[in-house]
$ cat entry.tsv   # TSV, C-alpha atoms and all ligand atoms
chain	number	residue	atom	x	y	z
A	30	MET	CA	-26.34	-30.67	14.78
A	31	MET	CA	-28.17	-31.52	11.55
A	32	SER	CA	-29.37	-28.99	8.99
A	33	PRO	CA	-32.95	-27.85	9.73
A	34	SER	CA	-33.75	-28.35	6.04
A	35	LEU	CA	-34.88	-31.82	5.09
A	36	LEU	CA	-33.62	-33.86	2.19
A	37	ILE	CA	-36.50	-36.23	1.47
A	38	VAL	CA	-35.81	-39.12	-0.86
A	39	VAL	CA	-38.80	-40.90	-2.37
A	40	SER	CA	-38.33	-44.18	-4.21
A	41	GLY	CA	-40.61	-46.93	-5.33
A	42	PRO	CA	-41.23	-49.20	-8.27
A	43	SER	CA	-42.20	-47.80	-11.64
A	44	GLY	CA	-45.96	-47.29	-11.79
A	45	VAL	CA	-46.41	-46.88	-8.03
A	46	GLY	CA	-47.57	-43.28	-8.48
A	47	LYS	CA	-44.50	-41.33	-7.31
A	48	ASN	CA	-45.11	-38.41	-9.68
A	49	THR	CA	-48.72	-38.01	-8.62
A	50	VAL	CA	-47.77	-38.18	-4.95
A	51	ILE	CA	-44.92	-35.69	-5.36
A	52	ASN	CA	-47.09	-33.28	-7.38
A	53	ASN	CA	-49.75	-33.42	-4.67
A	54	LEU	CA	-47.16	-32.76	-1.99
A	55	PHE	CA	-46.12	-29.59	-3.83
A	56	ILE	CA	-49.72	-28.37	-3.83
A	57	ARG	CA	-49.94	-29.02	-0.09
A	58	LYS	CA	-46.48	-27.68	0.74
A	59	PRO	CA	-45.46	-24.90	-1.67
A	60	ASP	CA	-42.21	-24.42	0.27
A	61	LEU	CA	-40.95	-27.84	-0.90
A	62	ARG	CA	-38.44	-27.84	-3.75
A	63	TYR	CA	-37.93	-30.55	-6.36
A	64	SER	CA	-34.47	-31.57	-7.44
A	65	VAL	CA	-34.46	-32.00	-11.22
A	66	SER	CA	-32.35	-35.03	-12.19
A	67	ALA	CA	-30.22	-35.61	-15.24
A	68	THR	CA	-30.87	-38.62	-17.46
A	69	THR	CA	-29.72	-40.19	-20.71
A	70	ARG	CA	-33.16	-41.57	-21.58
A	71	ASP	CA	-35.21	-39.87	-24.30
A	72	PRO	CA	-37.86	-37.37	-23.23
A	73	ARG	CA	-41.46	-38.59	-23.24
A	74	PRO	CA	-43.88	-36.48	-25.33
A	75	ASN	CA	-45.01	-34.31	-22.39
A	76	GLU	CA	-41.57	-33.84	-20.82
A	77	ILE	CA	-39.68	-30.54	-20.85
A	78	ASP	CA	-35.89	-30.32	-20.62
A	79	GLY	CA	-34.87	-28.62	-17.36
A	80	GLN	CA	-38.28	-29.10	-15.79
A	81	HIS	CA	-38.83	-32.86	-15.71
A	82	TYR	CA	-35.21	-33.86	-16.34
A	83	PHE	CA	-32.02	-32.48	-17.82
A	84	PHE	CA	-31.79	-34.71	-20.89
A	85	LEU	CA	-28.13	-35.46	-21.59
A	86	THR	CA	-26.20	-37.62	-24.02
A	87	GLU	CA	-24.19	-40.46	-22.52
A	88	THR	CA	-20.96	-38.51	-23.17
A	89	GLU	CA	-22.30	-35.46	-21.35
A	90	PHE	CA	-23.43	-37.63	-18.46
A	91	GLN	CA	-20.06	-39.41	-18.19
A	92	LYS	CA	-18.27	-36.04	-18.10
A	93	LYS	CA	-20.41	-34.99	-15.16
A	94	ILE	CA	-19.65	-38.25	-13.35
A	95	THR	CA	-15.92	-37.65	-13.83
A	96	ALA	CA	-16.25	-34.05	-12.65
A	97	GLY	CA	-17.98	-35.24	-9.47
A	98	ASP	CA	-21.09	-33.23	-10.29
A	99	PHE	CA	-23.57	-35.78	-8.97
A	100	LEU	CA	-24.67	-36.32	-5.40
A	101	GLU	CA	-25.57	-39.82	-6.61
A	102	TRP	CA	-26.04	-41.52	-9.94
A	103	ALA	CA	-27.14	-44.94	-11.11
A	104	LYS	CA	-27.90	-46.95	-14.18
A	105	VAL	CA	-31.59	-47.82	-14.11
A	106	TYR	CA	-33.17	-49.88	-16.89
A	107	GLU	CA	-30.06	-49.25	-19.07
A	108	TYR	CA	-30.21	-45.45	-18.82
A	109	TYR	CA	-28.20	-43.22	-16.53
A	110	TYR	CA	-29.88	-41.03	-13.94
A	111	GLY	CA	-28.18	-38.63	-11.54
A	112	THR	CA	-28.86	-35.89	-9.00
A	113	PRO	CA	-26.94	-32.64	-9.62
A	114	LYS	CA	-25.03	-31.99	-6.39
A	115	GLN	CA	-24.70	-28.21	-6.54
A	116	HIS	CA	-28.39	-27.55	-7.10
A	117	VAL	CA	-29.42	-29.67	-4.11
A	118	GLN	CA	-26.80	-28.05	-1.87
A	119	GLN	CA	-27.95	-24.55	-2.87
A	120	LEU	CA	-31.59	-25.36	-2.12
A	121	LEU	CA	-30.76	-26.92	1.25
A	122	SER	CA	-28.52	-24.05	2.34
A	123	SER	CA	-31.23	-21.54	1.44
A	124	GLY	CA	-33.41	-23.26	4.04
A	125	CYS	CA	-35.75	-25.17	1.71
A	126	ASP	CA	-36.83	-28.77	2.12
A	127	VAL	CA	-35.86	-30.72	-0.98
A	128	ILE	CA	-37.50	-33.79	-2.45
A	129	LEU	CA	-35.61	-36.26	-4.61
A	130	ASP	CA	-37.28	-38.91	-6.76
A	131	VAL	CA	-34.50	-41.46	-7.22
A	132	ASP	CA	-34.23	-45.22	-7.56
A	133	VAL	CA	-33.13	-47.52	-4.74
A	134	GLN	CA	-29.42	-47.52	-5.70
A	135	GLY	CA	-29.38	-43.72	-5.71
A	136	ALA	CA	-31.31	-43.44	-2.45
A	137	LEU	CA	-28.80	-45.61	-0.60
A	138	GLN	CA	-25.89	-43.59	-2.01
A	139	VAL	CA	-27.56	-40.40	-0.71
A	140	LYS	CA	-28.01	-41.98	2.74
A	141	LYS	CA	-24.33	-42.93	2.77
A	142	SER	CA	-23.08	-39.43	2.04
A	143	LEU	CA	-25.87	-37.58	3.90
A	144	PRO	CA	-27.13	-39.82	6.75
A	145	GLU	CA	-29.62	-37.16	7.82
A	146	ALA	CA	-31.57	-37.65	4.55
A	147	VAL	CA	-35.03	-39.14	5.09
A	148	LEU	CA	-35.69	-42.17	2.89
A	149	ILE	CA	-39.31	-43.00	2.08
A	150	PHE	CA	-40.22	-46.12	0.12
A	151	LEU	CA	-43.52	-45.91	-1.68
A	152	ALA	CA	-45.05	-49.34	-2.25
A	153	PRO	CA	-48.18	-50.43	-4.10
A	154	PRO	CA	-51.01	-52.16	-2.21
A	155	SER	CA	-50.10	-55.33	-4.17
A	156	LEU	CA	-47.87	-56.51	-6.98
A	157	ALA	CA	-50.93	-57.35	-9.08
A	158	GLU	CA	-52.20	-53.77	-8.71
A	159	LEU	CA	-48.79	-52.39	-9.67
A	160	LYS	CA	-48.61	-54.51	-12.83
A	161	LYS	CA	-52.10	-53.32	-13.77
A	162	ARG	CA	-51.17	-49.64	-13.28
A	163	LEU	CA	-47.90	-50.02	-15.18
A	164	ALA	CA	-49.51	-51.72	-18.17
A	165	GLY	CA	-52.37	-49.20	-18.14
A	166	ARG	CA	-50.26	-46.04	-18.31
A	167	ASN	CA	-48.98	-46.85	-21.82
A	168	THR	CA	-45.81	-44.76	-21.57
A	169	GLU	CA	-43.31	-47.55	-22.30
A	170	PRO	CA	-42.98	-50.08	-25.10
A	171	GLU	CA	-43.25	-53.72	-23.97
A	172	THR	CA	-39.48	-54.30	-23.71
A	173	GLU	CA	-39.16	-51.26	-21.41
A	174	LEU	CA	-42.12	-52.44	-19.39
A	175	ASN	CA	-40.53	-55.84	-18.83
A	176	LYS	CA	-37.28	-54.25	-17.60
A	177	ARG	CA	-39.26	-52.21	-15.11
A	178	LEU	CA	-41.09	-55.31	-13.91
A	179	GLN	CA	-37.81	-57.23	-13.50
A	180	TYR	CA	-36.35	-54.42	-11.39
A	181	ILE	CA	-39.18	-54.63	-8.83
A	182	GLU	CA	-37.51	-57.55	-7.03
A	183	THR	CA	-34.28	-55.56	-6.48
A	184	GLU	CA	-36.30	-52.61	-5.27
A	185	PHE	CA	-38.16	-54.66	-2.67
A	186	GLN	CA	-34.92	-56.28	-1.49
A	187	MET	CA	-33.51	-52.85	-0.69
A	188	MET	CA	-36.66	-51.53	0.96
A	189	PRO	CA	-35.67	-52.57	4.55
A	190	GLN	CA	-32.81	-50.04	4.38
A	191	TYR	CA	-35.31	-47.17	4.08
A	192	ASP	CA	-36.50	-45.09	7.04
A	193	TYR	CA	-40.21	-45.23	6.17
A	194	LEU	CA	-42.59	-47.40	4.18
A	195	VAL	CA	-45.77	-45.82	2.81
A	196	ILE	CA	-48.36	-47.85	0.91
A	197	ASN	CA	-49.85	-45.79	-1.89
A	198	LYS	CA	-53.43	-46.97	-1.79
A	199	GLU	CA	-55.24	-43.66	-1.76
A	200	ILE	CA	-53.48	-40.44	-2.74
A	201	ASP	CA	-54.75	-38.20	0.09
A	202	LEU	CA	-53.89	-40.79	2.72
A	203	THR	CA	-50.42	-41.27	1.20
A	204	CYS	CA	-49.76	-37.52	1.23
A	205	ASP	CA	-51.11	-37.22	4.81
A	206	GLN	CA	-48.65	-39.89	5.90
A	207	ILE	CA	-45.70	-38.25	4.15
A	208	GLU	CA	-46.64	-34.88	5.65
A	209	CYS	CA	-46.66	-36.53	9.10
A	210	ILE	CA	-43.20	-37.97	8.44
A	211	ILE	CA	-41.92	-34.52	7.42
A	212	LEU	CA	-43.45	-32.93	10.51
A	213	ALA	CA	-41.99	-35.55	12.86
A	214	GLU	CA	-38.54	-35.36	11.25
A	215	LYS	CA	-38.57	-31.58	11.67
A	216	ARG	CA	-39.21	-31.95	15.41
A	217	ARG	CA	-36.14	-34.14	15.96
A	218	VAL	CA	-34.08	-32.62	18.75
A	219	ASN	CA	-30.89	-32.78	16.72
A	220	ARG	CA	-32.46	-30.77	13.89
A	221	GLN	CA	-33.26	-27.78	16.12
A	222	PRO	CA	-31.16	-24.61	15.84
A	223	GLU	CA	-28.37	-24.40	18.42
A	224	ASN	CA	-29.74	-21.26	20.06
A	225	LEU	CA	-33.24	-22.71	20.58
A	226	LEU	CA	-32.56	-24.09	24.05
A	227	ASN	CA	-30.89	-20.84	25.14
A	228	ASN	CA	-33.86	-18.86	23.87
A	229	ILE	CA	-36.24	-21.09	25.83
A	230	LEU	CA	-34.17	-20.88	29.02
A	231	ASN	CA	-33.52	-17.17	28.84
A	232	GLY	CA	-36.74	-16.04	27.17
A	301	LIG	P1	-38.44	-42.59	-15.31
A	301	LIG	O1	-37.62	-42.95	-16.50
A	301	LIG	O2	-39.72	-43.39	-15.23
A	301	LIG	O3	-38.70	-41.10	-15.20
A	301	LIG	O4	-37.60	-42.97	-14.01
A	301	LIG	C1	-37.07	-44.24	-13.91
A	301	LIG	C2	-36.46	-44.44	-12.54
A	301	LIG	O5	-35.34	-43.59	-12.39
A	301	LIG	C3	-37.41	-44.12	-11.38
A	301	LIG	O6	-37.30	-45.18	-10.44
A	301	LIG	C4	-36.86	-42.86	-10.80
A	301	LIG	O7	-37.07	-42.77	-9.41
A	301	LIG	C5	-35.37	-43.01	-11.11
A	301	LIG	N1	-34.66	-41.74	-11.10
A	301	LIG	C6	-35.09	-40.53	-11.53
A	301	LIG	N2	-34.15	-39.61	-11.32
A	301	LIG	C7	-33.11	-40.23	-10.72
A	301	LIG	C8	-31.84	-39.81	-10.24
A	301	LIG	O8	-31.45	-38.64	-10.28
A	301	LIG	N3	-31.05	-40.76	-9.69
A	301	LIG	C9	-31.41	-42.07	-9.60
A	301	LIG	N4	-30.56	-42.90	-9.02
A	301	LIG	N5	-32.60	-42.50	-10.03
A	301	LIG	C10	-33.44	-41.60	-10.59

$ encode --input "entry.tsv" --output "structure tokens"
Amino acid sequence: MMSPSLLIVVSGPSGVGKNTVINNLFIRKPDLRYSVSATTRDPRPNEIDGQHYFFLTETEFQKKITAGDFLEWAKVYEYYYGTPKQHVQQLLSSGCDVILDVDVQGALQVKKSLPEAVLIFLAPPSLAELKKRLAGRNTEPETELNKRLQYIETEFQMMPQYDYLVINKEIDLTCDQIECIILAEKRRVNRQPENLLNNILNG
């Protein structure tokens, strides 16, 4: 019997619009919880420690790896990123659905340790469109931008291992599709509470 709470993992190339999609999902589904990751990259001007990421030094991050504090971690574009294990476990056991925004390496690690996790790959309508969006958002210097572009190939190679593919063409449509995935996953027979059948038979 799986936990009735969903662990939803969303990945996709840089610039695909993951943040916008996730923020919209929170407006639609206030019961969703976001797992705040740790990272060794510097905060961007608008980012708040503890809200967008836990910003750690490399030494602090390594200590957490050694202590087994991460559900998964990966080196992405030369920085470390990781999902704090305890926080996710607490949210799941309190009955919340939890959303993780992690890269492809991290997503596959999550699936390995928690096969019931639902992996959603968010793809752009086209590579040309993605490059346009990435260049237009102006958040990374050119060297960073190039690393993100080079990583796209790896990301697409790993995509077939995901459970779902959603093309982010129009935000409302994307969120509708993810909501449908969540709804369908919640109706899986093996996610229902053990006493449900008894209640139906004896009710
Ligand atoms: P950014 O630096 O643009 O916020 O994120 C860069 C990449 O790191 C994105 O693909 C994002 O999904 C990924 N990422 C963010 N948090 C985590 C995490 O906890 N674990 C892993 N493996 N990747 C993460």

$ closest_residue --input "entry.tsv" --among "A:Tyr82, A:Asn75, A:Ala157, A:Val127" --to "Leu61 (chain A)" --atoms "all atoms listed in the file"
A:Val127

$ residues_around --input "entry.tsv" --residues "Ile51 (chain A)" --least-positions-apart "2" --cutoff "10 Å" --atoms "only C-alpha atoms" --output "PyMOL selection string"
chain A and resi 39+46-49+53-57+61+63+128-130+204+207

$ residues_near_ligand --input "entry.tsv" --ligand "ligand LIG 301 (chain A)" --cutoff "6 Å" --atoms "all atoms listed in the file" --output "number ranges by chain"
A: 40, 43, 66-67, 102-103, 105, 110-112, 130-132, 134-135

$ residues_near_point --input "entry.tsv" --point "(-36.5, -33.2, 12.0)" --cutoff "12 Å" --atoms "only C-alpha atoms" --output "PyMOL selection string"
chain A and resi 30-37+126+145-147+209-222

$ write_last_selection --input "entry.tsv" --atoms "C-alpha atoms" --output "mmCIF file, in the coordinates of the input"
data_model
loop_
_atom_site.group_PDB
_atom_site.id
_atom_site.type_symbol
_atom_site.label_atom_id
_atom_site.label_comp_id
_atom_site.auth_asym_id
_atom_site.auth_seq_id
_atom_site.Cartn_x
_atom_site.Cartn_y
_atom_site.Cartn_z
ATOM 1 C CA MET A 30 -26.340 -30.670 14.780
ATOM 2 C CA MET A 31 -28.170 -31.520 11.550
ATOM 3 C CA SER A 32 -29.370 -28.990 8.990
ATOM 4 C CA PRO A 33 -32.950 -27.850 9.730
ATOM 5 C CA SER A 34 -33.750 -28.350 6.040
ATOM 6 C CA LEU A 35 -34.880 -31.820 5.090
ATOM 7 C CA LEU A 36 -33.620 -33.860 2.190
ATOM 8 C CA ILE A 37 -36.500 -36.230 1.470
ATOM 9 C CA ASP A 126 -36.830 -28.770 2.120
ATOM 10 C CA GLU A 145 -29.620 -37.160 7.820
ATOM 11 C CA ALA A 146 -31.570 -37.650 4.550
ATOM 12 C CA VAL A 147 -35.030 -39.140 5.090
ATOM 13 C CA CYS A 209 -46.660 -36.530 9.100
ATOM 14 C CA ILE A 210 -43.200 -37.970 8.440
ATOM 15 C CA ILE A 211 -41.920 -34.520 7.420
ATOM 16 C CA LEU A 212 -43.450 -32.930 10.510
ATOM 17 C CA ALA A 213 -41.990 -35.550 12.860
ATOM 18 C CA GLU A 214 -38.540 -35.360 11.250
ATOM 19 C CA LYS A 215 -38.570 -31.580 11.670
ATOM 20 C CA ARG A 216 -39.210 -31.950 15.410
ATOM 21 C CA ARG A 217 -36.140 -34.140 15.960
ATOM 22 C CA VAL A 218 -34.080 -32.620 18.750
ATOM 23 C CA ASN A 219 -30.890 -32.780 16.720
ATOM 24 C CA ARG A 220 -32.460 -30.770 13.890
ATOM 25 C CA GLN A 221 -33.260 -27.780 16.120
ATOM 26 C CA PRO A 222 -31.160 -24.610 15.840
#

$ residues_around --input "entry.tsv" --residues "Leu151 (chain A)" --least-positions-apart "6" --cutoff "10 Å" --atoms "only C-alpha atoms" --output "PDB file with C-alpha atoms, in the coordinates of the input"
ATOM      1  CA  VAL A  39     -38.800 -40.900  -2.370  1.00  0.00           C
ATOM      2  CA  SER A  40     -38.330 -44.180  -4.210  1.00  0.00           C
ATOM      3  CA  GLY A  41     -40.610 -46.930  -5.330  1.00  0.00           C
ATOM      4  CA  PRO A  42     -41.230 -49.200  -8.270  1.00  0.00           C
ATOM      5  CA  VAL A  45     -46.410 -46.880  -8.030  1.00  0.00           C
ATOM      6  CA  GLY A  46     -47.570 -43.280  -8.480  1.00  0.00           C
ATOM      7  CA  LYS A  47     -44.500 -41.330  -7.310  1.00  0.00           C
ATOM      8  CA  VAL A  50     -47.770 -38.180  -4.950  1.00  0.00           C
ATOM      9  CA  MET A 188     -36.660 -51.530   0.960  1.00  0.00           C
ATOM     10  CA  TYR A 193     -40.210 -45.230   6.170  1.00  0.00           C
ATOM     11  CA  LEU A 194     -42.590 -47.400   4.180  1.00  0.00           C
ATOM     12  CA  VAL A 195     -45.770 -45.820   2.810  1.00  0.00           C
ATOM     13  CA  ILE A 196     -48.360 -47.850   0.910  1.00  0.00           C
ATOM     14  CA  ASN A 197     -49.850 -45.790  -1.890  1.00  0.00           C
ATOM     15  CA  LYS A 198     -53.430 -46.970  -1.790  1.00  0.00           C
ATOM     16  CA  THR A 203     -50.420 -41.270   1.200  1.00  0.00           C
ATOM     17  CA  ILE A 207     -45.700 -38.250   4.150  1.00  0.00           C
TER      18      ILE A 207
END

$ closest_residue --input "entry.tsv" --among "A:Ile94, A:Phe99, A:Pro113, A:Lys104" --to "Val65 (chain A)" --atoms "only C-alpha atoms"
A:Pro113

$ closest_residue --input "entry.tsv" --among "A:Ser123, A:Ser142, A:Gln179, A:Gln190" --to "Arg62 (chain A)" --atoms "only C-alpha atoms"
A:Ser123

$ atom_distance --input "entry.tsv" --atom1 "CA of Gly44 (chain A)" --atom2 "CA of Leu163 (chain A)"
4.8 Å

$ closest_residue --input "entry.tsv" --among "A:Thr69, A:Gln91, A:Gln186, A:Gly124" --to "Tyr109 (chain A)" --atoms "all atoms listed in the file"
A:Thr69

$ closest_residue --input "entry.tsv" --among "A:Leu137, A:Met187, A:Glu76, A:Asp98" --to "Gln118 (chain A)" --atoms "only C-alpha atoms"
A:Asp98

$ residues_around --input "entry.tsv" --residues "Leu85 (chain A)" --least-positions-apart "2" --cutoff "9 Å" --atoms "only C-alpha atoms" --output "PyMOL selection string"
chain A and resi 67-71+82-83+87-90

$ atom_distance --input "entry.tsv" --atom1 "CA of Gln206 (chain A)" --atom2 "CA of Gly165 (chain A)"
26.0 Å

$ closest_residue --input "entry.tsv" --among "A:Asn167, A:Asp192, A:Ser64, A:Asn224" --to "Leu121 (chain A)" --atoms "only C-alpha atoms"
A:Ser64

$ atom_distance --input "entry.tsv" --atom1 "CA of Lys93 (chain A)" --atom2 "CA of Gln80 (chain A)"
18.8 Å

$ residues_around --input "entry.tsv" --residues "Tyr106 (chain A)" --least-positions-apart "2" --cutoff "8 Å" --atoms "all atoms listed in the file" --output "VMD selection string"
chain A and resid 104 108 173 176 to 177 180

$ axis_aligned_box --input "entry.tsv" --around "region 147-161 of chain A" --padding-each-side "8 Å" --output "lines of an AutoDock Vina configuration file"
center_x = -43.6
center_y = -48.2
center_z = -4.3
size_x = 33.2
size_y = 34.2
size_z = 34.9

$ build_atoms --input "entry.tsv" --residues "region 186-206 of chain A" --atoms "N, CA, C and O atoms" --output "JSON list (two decimals), in the frame of the given file"
[["chain", "number", "residue", "atom", "x", "y", "z"],
["A", 186, "GLN", "N", -36.01, -55.77, -2.34],
["A", 186, "GLN", "CA", -34.92, -56.28, -1.49],
["A", 186, "GLN", "C", -34.24, -55.14, -0.73],
["A", 186, "GLN", "O", -33.74, -55.33, 0.36],
["A", 187, "MET", "N", -34.20, -53.97, -1.33],
["A", 187, "MET", "CA", -33.51, -52.85, -0.69],
["A", 187, "MET", "C", -34.41, -52.05, 0.25],
["A", 187, "MET", "O", -33.94, -51.23, 1.02],
["A", 188, "MET", "N", -35.69, -52.30, 0.18],
["A", 188, "MET", "CA", -36.66, -51.53, 0.96],
["A", 188, "MET", "C", -36.38, -51.50, 2.48],
["A", 188, "MET", "O", -36.55, -50.46, 3.11],
["A", 189, "PRO", "N", -35.91, -52.62, 3.10],
["A", 189, "PRO", "CA", -35.67, -52.57, 4.55],
["A", 189, "PRO", "C", -34.62, -51.54, 4.98],
["A", 189, "PRO", "O", -34.52, -51.21, 6.15],
["A", 190, "GLN", "N", -33.83, -51.04, 4.02],
["A", 190, "GLN", "CA", -32.81, -50.04, 4.38],
["A", 190, "GLN", "C", -33.39, -48.62, 4.40],
["A", 190, "GLN", "O", -32.69, -47.66, 4.68],
["A", 191, "TYR", "N", -34.66, -48.49, 4.07],
["A", 191, "TYR", "CA", -35.31, -47.17, 4.08],
["A", 191, "TYR", "C", -35.75, -46.82, 5.50],
["A", 191, "TYR", "O", -35.87, -47.68, 6.36],
["A", 192, "ASP", "N", -36.03, -45.52, 5.72],
["A", 192, "ASP", "CA", -36.50, -45.09, 7.04],
["A", 192, "ASP", "C", -38.00, -45.32, 7.19],
["A", 192, "ASP", "O", -38.48, -45.60, 8.29],
["A", 193, "TYR", "N", -38.74, -45.15, 6.10],
["A", 193, "TYR", "CA", -40.21, -45.23, 6.17],
["A", 193, "TYR", "C", -40.76, -46.01, 4.98],
["A", 193, "TYR", "O", -40.23, -45.91, 3.87],
["A", 194, "LEU", "N", -41.86, -46.70, 5.24],
["A", 194, "LEU", "CA", -42.59, -47.40, 4.18],
["A", 194, "LEU", "C", -44.01, -46.83, 4.14],
["A", 194, "LEU", "O", -44.71, -46.81, 5.16],
["A", 195, "VAL", "N", -44.41, -46.35, 2.97],
["A", 195, "VAL", "CA", -45.77, -45.82, 2.81],
["A", 195, "VAL", "C", -46.44, -46.60, 1.68],
["A", 195, "VAL", "O", -45.86, -46.74, 0.60],
["A", 196, "ILE", "N", -47.62, -47.11, 1.95],
["A", 196, "ILE", "CA", -48.36, -47.85, 0.91],
["A", 196, "ILE", "C", -49.26, -46.86, 0.18],
["A", 196, "ILE", "O", -50.10, -46.20, 0.81],
["A", 197, "ASN", "N", -49.05, -46.76, -1.12],
["A", 197, "ASN", "CA", -49.85, -45.79, -1.89],
["A", 197, "ASN", "C", -51.16, -46.43, -2.37],
["A", 197, "ASN", "O", -51.28, -46.88, -3.50],
["A", 198, "LYS", "N", -52.14, -46.38, -1.45],
["A", 198, "LYS", "CA", -53.43, -46.97, -1.79],
["A", 198, "LYS", "C", -54.39, -45.86, -2.21],
["A", 198, "LYS", "O", -55.13, -46.00, -3.17],
["A", 199, "GLU", "N", -54.32, -44.77, -1.49],
["A", 199, "GLU", "CA", -55.24, -43.66, -1.76],
["A", 199, "GLU", "C", -54.42, -42.38, -1.61],
["A", 199, "GLU", "O", -53.78, -42.16, -0.58],
["A", 200, "ILE", "N", -54.43, -41.55, -2.65],
["A", 200, "ILE", "CA", -53.48, -40.44, -2.74],
["A", 200, "ILE", "C", -53.50, -39.49, -1.52],
["A", 200, "ILE", "O", -52.43, -39.12, -1.02],
["A", 201, "ASP", "N", -54.70, -39.14, -1.04],
["A", 201, "ASP", "CA", -54.75, -38.20, 0.09],
["A", 201, "ASP", "C", -54.14, -38.81, 1.34],
["A", 201, "ASP", "O", -53.42, -38.14, 2.08],
["A", 202, "LEU", "N", -54.43, -40.10, 1.54],
["A", 202, "LEU", "CA", -53.89, -40.79, 2.72],
["A", 202, "LEU", "C", -52.36, -40.88, 2.62],
["A", 202, "LEU", "O", -51.63, -40.66, 3.60],
["A", 203, "THR", "N", -51.88, -41.18, 1.42],
["A", 203, "THR", "CA", -50.42, -41.27, 1.20],
["A", 203, "THR", "C", -49.76, -39.93, 1.52],
["A", 203, "THR", "O", -48.75, -39.87, 2.23],
["A", 204, "CYS", "N", -50.35, -38.85, 1.00],
["A", 204, "CYS", "CA", -49.76, -37.52, 1.23],
["A", 204, "CYS", "C", -49.87, -37.13, 2.71],
["A", 204, "CYS", "O", -48.94, -36.53, 3.25],
["A", 205, "ASP", "N", -50.98, -37.50, 3.36],
["A", 205, "ASP", "CA", -51.11, -37.22, 4.81],
["A", 205, "ASP", "C", -49.96, -37.89, 5.55],
["A", 205, "ASP", "O", -49.33, -37.30, 6.43],
["A", 206, "GLN", "N", -49.69, -39.14, 5.18],
["A", 206, "GLN", "CA", -48.65, -39.89, 5.90],
["A", 206, "GLN", "C", -47.27, -39.28, 5.66],
["A", 206, "GLN", "O", -46.46, -39.17, 6.58]]
